[in-house]
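Q: Dumping the structure here so I can ask a few things about it.
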Amino acid sequence: MHPYPAHFTGPIYCDTAHMWLGMHEPVNTISNAAILIAAWFAYRYVKRSRVGFAPGLIVLLILLTWVGIGSALWHGLRTSWALILDWLPGVCYLLVLTVLWIRQMFERPWLGWTVGVVGMAAMAIAGMLGVRDFGDTLAQISPNMRFVPMFAAVTVFGIVIVTATARRYGGAAAMQGVLILLCGIVAAIARSIDLLVCPYIPFGTHFLWHIGLSTAACLGLVLIVRLKKQRNAAGVA
């Protein structure tokens, strides 16, 4: 067993025991640069697209930047307050992105927002129920597998939204949605198996969670802009 300090709270990863330059998890901390890079690329894309910085897009950009900073603080410091800064913006980003994506499936704004909020809530509830019912069992295989039911719920709802995207916006937009899901799935697998691969990869695979999820987040924001442009070109509000 690795000599983890007694005050550590939250998930433990392979990289947790590798203190370097004041960082409790050096690889996991440094890999958060991928999230900040993703936020920068997303910002530049929105700026070049000329669709304007709508409130929803601004919220996503702020949350994505917050994720990168908060996650770096958490992995570097391993404090309880940093843990909140790590998971809270990430969850909020997923929920906001889900609402905005579903919103683009409807011509009437009020209907799109309503279905978006309801769909987002249903996804969150399904995920939490899955963790409640199956999380402990999966955690016996590896502690970081506790949230696999949540990842599964997000994937299922994502497939439904991608299917709706294909019907409304065509195959090209839907394929971008598929790529978002694939990046998210790879990221979720990397997070879930981290402790299982410690004997083979000393610093684990959690860093791939950062890279895969930041890529998915960036592509998600880009897709929202793309759908907005297609709606504008079609003269739809």
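Residues are named by chain letter and number: chains run A, B, ... in the order of the structure tokens, numbers start at 1 in each chain, and ligands are numbered from 1 in the order shown.
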Applying 9 Å and only C-alpha atoms, which residues near Ala153 of chain A remain after dropping the ones on its own chain fewer than 3 positions away? List them as a list in words.

A: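 Residues meeting the cut-off are Met123, Ala124, Ala126, Gly127, Met128, Gly130, Val148, Pro149, Met150, Val156, Phe157 and Gly158 of chain A.
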
Q: Extract, using only C-alpha atoms, all DNA, RNA and protein residues at most 12 Å from Leu97 of chain A, discarding same-chain residues fewer than 4 positions from it, and format them as an MDAnalysis selection string.

A: chainID A and resid 56:61 63:64 89:93 101:104 113 116:117 119:120 154 158 161 180 216:225

Q: Write the residues of the selection above to a file with N, CA and C atoms, as an mmCIF file, in the first residue's frame.

A:
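Output file result.cif is given in full below:
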data_model
loop_
_atom_site.group_PDB
_atom_site.id
_atom_site.type_symbol
_atom_site.label_atom_id
_atom_site.label_comp_id
_atom_site.auth_asym_id
_atom_site.auth_seq_id
_atom_site.Cartn_x
_atom_site.Cartn_y
_atom_site.Cartn_z
ATOM 1 N N GLY A 56 -25.270 31.358 -22.545
ATOM 2 C CA GLY A 56 -24.975 29.942 -22.355
ATOM 3 C C GLY A 56 -23.535 29.603 -22.697
ATOM 4 N N LEU A 57 -23.022 30.194 -23.770
ATOM 5 C CA LEU A 57 -21.646 29.934 -24.175
ATOM 6 C C LEU A 57 -20.659 30.523 -23.176
ATOM 7 N N ILE A 58 -20.981 31.703 -22.663
ATOM 8 C CA ILE A 58 -20.118 32.326 -21.659
ATOM 9 C C ILE A 58 -20.042 31.452 -20.409
ATOM 10 N N VAL A 59 -21.198 30.938 -19.989
ATOM 11 C CA VAL A 59 -21.233 30.066 -18.811
ATOM 12 C C VAL A 59 -20.357 28.834 -19.038
ATOM 13 N N LEU A 60 -20.456 28.231 -20.219
ATOM 14 C CA LEU A 60 -19.647 27.051 -20.517
ATOM 15 C C LEU A 60 -18.160 27.379 -20.495
ATOM 16 N N LEU A 61 -17.767 28.489 -21.059
ATOM 17 C CA LEU A 61 -16.358 28.879 -21.085
ATOM 18 C C LEU A 61 -15.830 29.117 -19.672
ATOM 19 N N LEU A 63 -17.063 27.843 -16.867
ATOM 20 C CA LEU A 63 -17.042 26.567 -16.158
ATOM 21 C C LEU A 63 -15.862 25.699 -16.586
ATOM 22 N N LEU A 64 -15.568 25.683 -17.888
ATOM 23 C CA LEU A 64 -14.461 24.864 -18.377
ATOM 24 C C LEU A 64 -13.125 25.368 -17.828
ATOM 25 N N PRO A 89 -17.641 22.450 -10.804
ATOM 26 C CA PRO A 89 -17.747 23.028 -12.142
ATOM 27 C C PRO A 89 -17.875 21.985 -13.235
ATOM 28 N N GLY A 90 -17.263 20.814 -13.031
ATOM 29 C CA GLY A 90 -17.367 19.754 -14.036
ATOM 30 C C GLY A 90 -18.783 19.245 -14.176
ATOM 31 N N VAL A 91 -19.441 19.018 -13.037
ATOM 32 C CA VAL A 91 -20.834 18.567 -13.062
ATOM 33 C C VAL A 91 -21.721 19.644 -13.673
ATOM 34 N N CYS A 92 -21.497 20.886 -13.274
ATOM 35 C CA CYS A 92 -22.298 21.991 -13.824
ATOM 36 C C CYS A 92 -22.114 22.120 -15.327
ATOM 37 N N TYR A 93 -20.880 21.916 -15.804
ATOM 38 C CA TYR A 93 -20.620 21.996 -17.238
ATOM 39 C C TYR A 93 -21.437 20.950 -17.985
ATOM 40 N N TRP A 101 -27.666 21.645 -25.558
ATOM 41 C CA TRP A 101 -27.699 20.739 -26.709
ATOM 42 C C TRP A 101 -29.138 20.347 -27.036
ATOM 43 N N ILE A 102 -29.896 19.956 -26.015
ATOM 44 C CA ILE A 102 -31.291 19.582 -26.241
ATOM 45 C C ILE A 102 -32.089 20.777 -26.748
ATOM 46 N N ARG A 103 -31.784 21.954 -26.230
ATOM 47 C CA ARG A 103 -32.477 23.178 -26.666
ATOM 48 C C ARG A 103 -32.410 23.345 -28.174
ATOM 49 N N GLN A 104 -31.277 22.969 -28.769
ATOM 50 C CA GLN A 104 -31.094 23.159 -30.209
ATOM 51 C C GLN A 104 -31.945 22.208 -31.050
ATOM 52 N N TRP A 113 -36.091 24.821 -24.072
ATOM 53 C CA TRP A 113 -35.574 24.996 -22.714
ATOM 54 C C TRP A 113 -36.256 24.044 -21.748
ATOM 55 N N GLY A 116 -35.091 20.562 -22.404
ATOM 56 C CA GLY A 116 -33.682 20.501 -22.009
ATOM 57 C C GLY A 116 -33.513 20.338 -20.512
ATOM 58 N N VAL A 117 -34.239 21.123 -19.735
ATOM 59 C CA VAL A 117 -34.137 21.043 -18.272
ATOM 60 C C VAL A 117 -34.661 19.702 -17.773
ATOM 61 N N GLY A 119 -34.862 16.869 -19.491
ATOM 62 C CA GLY A 119 -33.932 15.828 -19.917
ATOM 63 C C GLY A 119 -32.684 15.796 -19.069
ATOM 64 N N MET A 120 -32.158 16.973 -18.759
ATOM 65 C CA MET A 120 -30.973 17.054 -17.909
ATOM 66 C C MET A 120 -31.264 16.475 -16.528
ATOM 67 N N VAL A 154 -25.126 8.862 -18.528
ATOM 68 C CA VAL A 154 -24.778 9.971 -19.420
ATOM 69 C C VAL A 154 -24.605 9.470 -20.849
ATOM 70 N N GLY A 158 -26.774 10.517 -23.949
ATOM 71 C CA GLY A 158 -26.015 11.104 -25.045
ATOM 72 C C GLY A 158 -26.363 10.469 -26.378
ATOM 73 N N ILE A 161 -29.604 11.917 -27.591
ATOM 74 C CA ILE A 161 -29.448 13.284 -28.099
ATOM 75 C C ILE A 161 -28.732 13.280 -29.450
ATOM 76 N N ILE A 180 -17.815 13.182 -29.449
ATOM 77 C CA ILE A 180 -17.902 13.674 -28.067
ATOM 78 C C ILE A 180 -18.138 12.511 -27.113
ATOM 79 N N ALA A 216 -13.744 16.264 -25.038
ATOM 80 C CA ALA A 216 -15.190 16.137 -25.181
ATOM 81 C C ALA A 216 -15.883 17.457 -24.859
ATOM 82 N N ALA A 217 -15.434 18.125 -23.808
ATOM 83 C CA ALA A 217 -16.047 19.391 -23.407
ATOM 84 C C ALA A 217 -15.861 20.459 -24.478
ATOM 85 N N CYS A 218 -14.650 20.532 -25.023
ATOM 86 C CA CYS A 218 -14.375 21.501 -26.081
ATOM 87 C C CYS A 218 -15.216 21.214 -27.320
ATOM 88 N N LEU A 219 -15.277 19.952 -27.732
ATOM 89 C CA LEU A 219 -16.068 19.571 -28.896
ATOM 90 C C LEU A 219 -17.553 19.811 -28.656
ATOM 91 N N GLY A 220 -18.000 19.644 -27.419
ATOM 92 C CA GLY A 220 -19.390 19.905 -27.096
ATOM 93 C C GLY A 220 -19.744 21.367 -27.284
ATOM 94 N N LEU A 221 -18.880 22.241 -26.802
ATOM 95 C CA LEU A 221 -19.113 23.673 -26.968
ATOM 96 C C LEU A 221 -19.074 24.056 -28.444
ATOM 97 N N VAL A 222 -18.121 23.487 -29.165
ATOM 98 C CA VAL A 222 -18.017 23.742 -30.605
ATOM 99 C C VAL A 222 -19.283 23.269 -31.319
ATOM 100 N N LEU A 223 -19.827 22.131 -30.904
ATOM 101 C CA LEU A 223 -21.042 21.617 -31.530
ATOM 102 C C LEU A 223 -22.224 22.551 -31.290
ATOM 103 N N ILE A 224 -22.348 23.097 -30.087
ATOM 104 C CA ILE A 224 -23.435 24.039 -29.808
ATOM 105 C C ILE A 224 -23.345 25.232 -30.757
ATOM 106 N N VAL A 225 -22.132 25.737 -30.959
ATOM 107 C CA VAL A 225 -21.935 26.859 -31.887
ATOM 108 C C VAL A 225 -22.309 26.438 -33.309
#

Q: Compile the contact shell of Leu196 of chain A as a list in words: residues with an atom at most 10 Å away, counting only C-alpha atoms, same-chain residues fewer than 4 positions apart removed.

A: Tyr13, Cys14, Ile141, Ser142, Pro143, Asn144, Ser192, Tyr200, Ile201, Gly204 and Thr205 of chain A

Q: For Leu227 of chain A, which residue among A:Gln176, A:Thr215, A:Ser71, A:Thr155 is the nearest when counting only C-alpha atoms?

A: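 The closest residue to Leu227 of chain A is A:Gln176.
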
Q: Pick from A:Ala72, A:Ala172, A:Ala190, A:Val96: nearest to Pro55 of chain A, with only C-alpha atoms counted?

A: A:Val96

Q: Write out as a list in words which residues come within 12 Å of Ala34 of chain A when counting only C-alpha atoms, dropping same-chain ones fewer than 3 positions away.

A: Val27, Asn28, Thr29, Ile30, Ser31, Ile37, Ala38, Ala39, Trp40, Phe41, Leu64, Thr65, Val67, Gly68, Ile69, Ser71, Ala72, Phe207, Leu208, Trp209, His210, Ile211, Gly212, Leu213, Ser214, Thr215, Ala216, Ala217 and Cys218 of chain A

Q: Could you work out how far atom CA of Lys229 of chain A lies from atom CA of Val51 of chain A, giving the answer in Å with one decimal?

A: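 Atom CA of Val51 of chain A sits 6.8 Å away from atom CA of Lys229 of chain A.
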
Q: Give me, as an MDAnalysis selection string, the residues of segment 4-213 of chain A that a backbone DSSP run labels alpha helix (DSSP H).

A: chainID A and resid 26:30 33:49 55:77 80:103 109:139 148:169 171:192 206:213

Q: Export C-alpha atoms of the chosen residues as a short mmCIF file (atom, residue, chain, number, x, y, z; two decimals), in the first residue's frame?

A:
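Contents of selection28.cif, freshly written:
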data_model
loop_
_atom_site.label_atom_id
_atom_site.label_comp_id
_atom_site.auth_asym_id
_atom_site.auth_seq_id
_atom_site.Cartn_x
_atom_site.Cartn_y
_atom_site.Cartn_z
CA PRO A 26 2.25 15.64 -10.26
CA VAL A 27 1.03 13.89 -13.43
CA ASN A 28 -2.61 14.42 -12.58
CA THR A 29 -1.94 18.05 -11.67
CA ILE A 30 0.07 18.95 -14.77
CA ALA A 33 -3.21 22.02 -18.66
CA ALA A 34 -5.19 20.09 -21.30
CA ILE A 35 -8.42 21.47 -19.82
CA LEU A 36 -7.19 25.06 -19.91
CA ILE A 37 -5.96 24.58 -23.47
CA ALA A 38 -9.39 23.20 -24.40
CA ALA A 39 -11.04 26.27 -22.85
CA TRP A 40 -8.75 28.54 -24.87
CA PHE A 41 -9.48 26.73 -28.14
CA ALA A 42 -13.21 26.85 -27.38
CA TYR A 43 -13.02 30.59 -26.71
CA ARG A 44 -11.13 31.21 -29.95
CA TYR A 45 -13.65 29.14 -31.89
CA VAL A 46 -16.62 31.06 -30.50
CA LYS A 47 -14.87 34.34 -31.28
CA ARG A 48 -14.10 33.33 -34.88
CA SER A 49 -17.56 31.88 -35.48
CA PRO A 55 -24.99 33.73 -22.05
CA GLY A 56 -24.98 29.94 -22.36
CA LEU A 57 -21.65 29.93 -24.18
CA ILE A 58 -20.12 32.33 -21.66
CA VAL A 59 -21.23 30.07 -18.81
CA LEU A 60 -19.65 27.05 -20.52
CA LEU A 61 -16.36 28.88 -21.09
CA ILE A 62 -16.21 30.03 -17.46
CA LEU A 63 -17.04 26.57 -16.16
CA LEU A 64 -14.46 24.86 -18.38
CA THR A 65 -11.76 27.26 -17.20
CA TRP A 66 -12.86 26.71 -13.61
CA VAL A 67 -12.62 22.95 -14.10
CA GLY A 68 -8.98 23.22 -15.18
CA ILE A 69 -8.00 25.46 -12.27
CA GLY A 70 -10.05 23.61 -9.66
CA SER A 71 -8.84 20.18 -10.73
CA ALA A 72 -5.21 21.31 -10.69
CA LEU A 73 -5.65 22.66 -7.16
CA TRP A 74 -7.32 19.45 -6.01
CA HIS A 75 -4.72 17.07 -7.40
CA GLY A 76 -1.90 19.31 -6.28
CA LEU A 77 -3.08 20.11 -2.75
CA SER A 80 -11.36 19.26 0.98
CA TRP A 81 -12.05 22.79 -0.30
CA ALA A 82 -10.10 22.08 -3.49
CA LEU A 83 -12.13 18.91 -4.02
CA ILE A 84 -15.29 21.03 -4.25
CA LEU A 85 -13.59 23.31 -6.78
CA ASP A 86 -12.73 20.17 -8.77
CA TRP A 87 -16.05 18.34 -9.12
CA LEU A 88 -18.61 21.16 -8.91
CA PRO A 89 -17.75 23.03 -12.14
CA GLY A 90 -17.37 19.75 -14.04
CA VAL A 91 -20.83 18.57 -13.06
CA CYS A 92 -22.30 21.99 -13.82
CA TYR A 93 -20.62 22.00 -17.24
CA LEU A 94 -22.18 18.65 -18.12
CA LEU A 95 -25.64 19.76 -16.99
CA VAL A 96 -25.50 23.11 -18.80
CA LEU A 97 -24.15 21.53 -21.99
CA THR A 98 -26.93 18.94 -21.91
CA VAL A 99 -29.62 21.63 -21.62
CA LEU A 100 -28.10 23.74 -24.41
CA TRP A 101 -27.70 20.74 -26.71
CA ILE A 102 -31.29 19.58 -26.24
CA ARG A 103 -32.48 23.18 -26.67
CA PRO A 109 -37.32 28.31 -27.52
CA TRP A 110 -39.68 27.74 -24.60
CA LEU A 111 -40.17 24.12 -25.62
CA GLY A 112 -36.47 23.58 -26.13
CA TRP A 113 -35.57 25.00 -22.71
CA THR A 114 -38.32 22.99 -21.01
CA VAL A 115 -37.34 19.68 -22.60
CA GLY A 116 -33.68 20.50 -22.01
CA VAL A 117 -34.14 21.04 -18.27
CA VAL A 118 -36.36 17.98 -17.92
CA GLY A 119 -33.93 15.83 -19.92
CA MET A 120 -30.97 17.05 -17.91
CA ALA A 121 -32.79 16.34 -14.63
CA ALA A 122 -33.79 12.85 -15.81
CA MET A 123 -30.18 12.07 -16.76
CA ALA A 124 -28.89 13.28 -13.39
CA ILE A 125 -31.50 11.33 -11.45
CA ALA A 126 -30.88 8.14 -13.45
CA GLY A 127 -27.16 8.47 -12.81
CA MET A 128 -27.56 9.07 -9.07
CA LEU A 129 -29.95 6.16 -8.71
CA GLY A 130 -27.49 3.95 -10.57
CA VAL A 131 -24.67 4.95 -8.23
CA ARG A 132 -26.92 4.37 -5.22
CA ASP A 133 -27.98 0.90 -6.34
CA PHE A 134 -24.78 -0.40 -7.94
CA GLY A 135 -21.96 1.91 -6.82
CA ASP A 136 -20.97 -0.02 -3.71
CA THR A 137 -20.85 -3.31 -5.60
CA LEU A 138 -18.65 -1.86 -8.34
CA ALA A 139 -16.44 -0.14 -5.76
CA VAL A 148 -19.61 3.84 -13.61
CA PRO A 149 -23.45 3.86 -13.41
CA MET A 150 -23.38 7.65 -13.71
CA PHE A 151 -21.14 7.43 -16.77
CA ALA A 152 -23.47 4.81 -18.25
CA ALA A 153 -26.52 7.03 -17.74
CA VAL A 154 -24.78 9.97 -19.42
CA THR A 155 -23.79 7.74 -22.34
CA VAL A 156 -27.33 6.44 -22.85
CA PHE A 157 -28.83 9.94 -22.77
CA GLY A 158 -26.01 11.10 -25.04
CA ILE A 159 -26.92 8.47 -27.63
CA VAL A 160 -30.53 9.67 -27.58
CA ILE A 161 -29.45 13.28 -28.10
CA VAL A 162 -27.03 12.33 -30.89
CA THR A 163 -29.84 10.44 -32.64
CA ALA A 164 -32.04 13.53 -32.41
CA THR A 165 -29.16 15.63 -33.74
CA ALA A 166 -28.80 13.35 -36.76
CA ARG A 167 -32.47 13.69 -37.60
CA ARG A 168 -32.53 17.47 -37.29
CA TYR A 169 -29.08 18.58 -38.41
CA GLY A 171 -24.96 13.17 -40.29
CA ALA A 172 -21.98 15.52 -40.02
CA ALA A 173 -23.27 17.17 -36.85
CA ALA A 174 -24.27 13.79 -35.44
CA MET A 175 -20.78 12.39 -36.06
CA GLN A 176 -19.34 15.22 -34.03
CA GLY A 177 -21.73 14.17 -31.28
CA VAL A 178 -20.50 10.59 -31.59
CA LEU A 179 -16.92 11.81 -31.23
CA ILE A 180 -17.90 13.67 -28.07
CA LEU A 181 -19.38 10.49 -26.63
CA LEU A 182 -16.33 8.41 -27.58
CA CYS A 183 -13.96 10.88 -25.90
CA GLY A 184 -16.15 10.83 -22.81
CA ILE A 185 -16.28 7.03 -22.74
CA VAL A 186 -12.49 6.73 -23.06
CA ALA A 187 -12.10 9.30 -20.28
CA ALA A 188 -14.55 7.45 -18.02
CA ILE A 189 -12.77 4.14 -18.58
CA ALA A 190 -9.40 5.76 -17.79
CA ARG A 191 -10.74 7.19 -14.53
CA SER A 192 -12.43 3.94 -13.50
CA HIS A 206 -6.37 9.36 -14.48
CA PHE A 207 -4.51 11.90 -16.58
CA LEU A 208 -6.34 10.46 -19.61
CA TRP A 209 -9.59 11.41 -17.86
CA HIS A 210 -8.44 15.02 -18.00
CA ILE A 211 -7.39 14.84 -21.64
CA GLY A 212 -10.41 12.90 -22.87
CA LEU A 213 -12.95 14.89 -20.91
#

Q: What is the distance between atom CA of Leu21 of chain A and atom CA of Thr79 of chain A, in Å to one decimal?

A: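 Computing the Euclidean distance for atom CA of Leu21 of chain A and atom CA of Thr79 of chain A yields 16.7 Å.
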
Q: What is the distance between atom CA of Met145 of chain A and atom CA of Ile193 of chain A, in Å to one decimal?

A: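 Separating atom CA of Met145 of chain A from atom CA of Ile193 of chain A is a distance of 7.1 Å.
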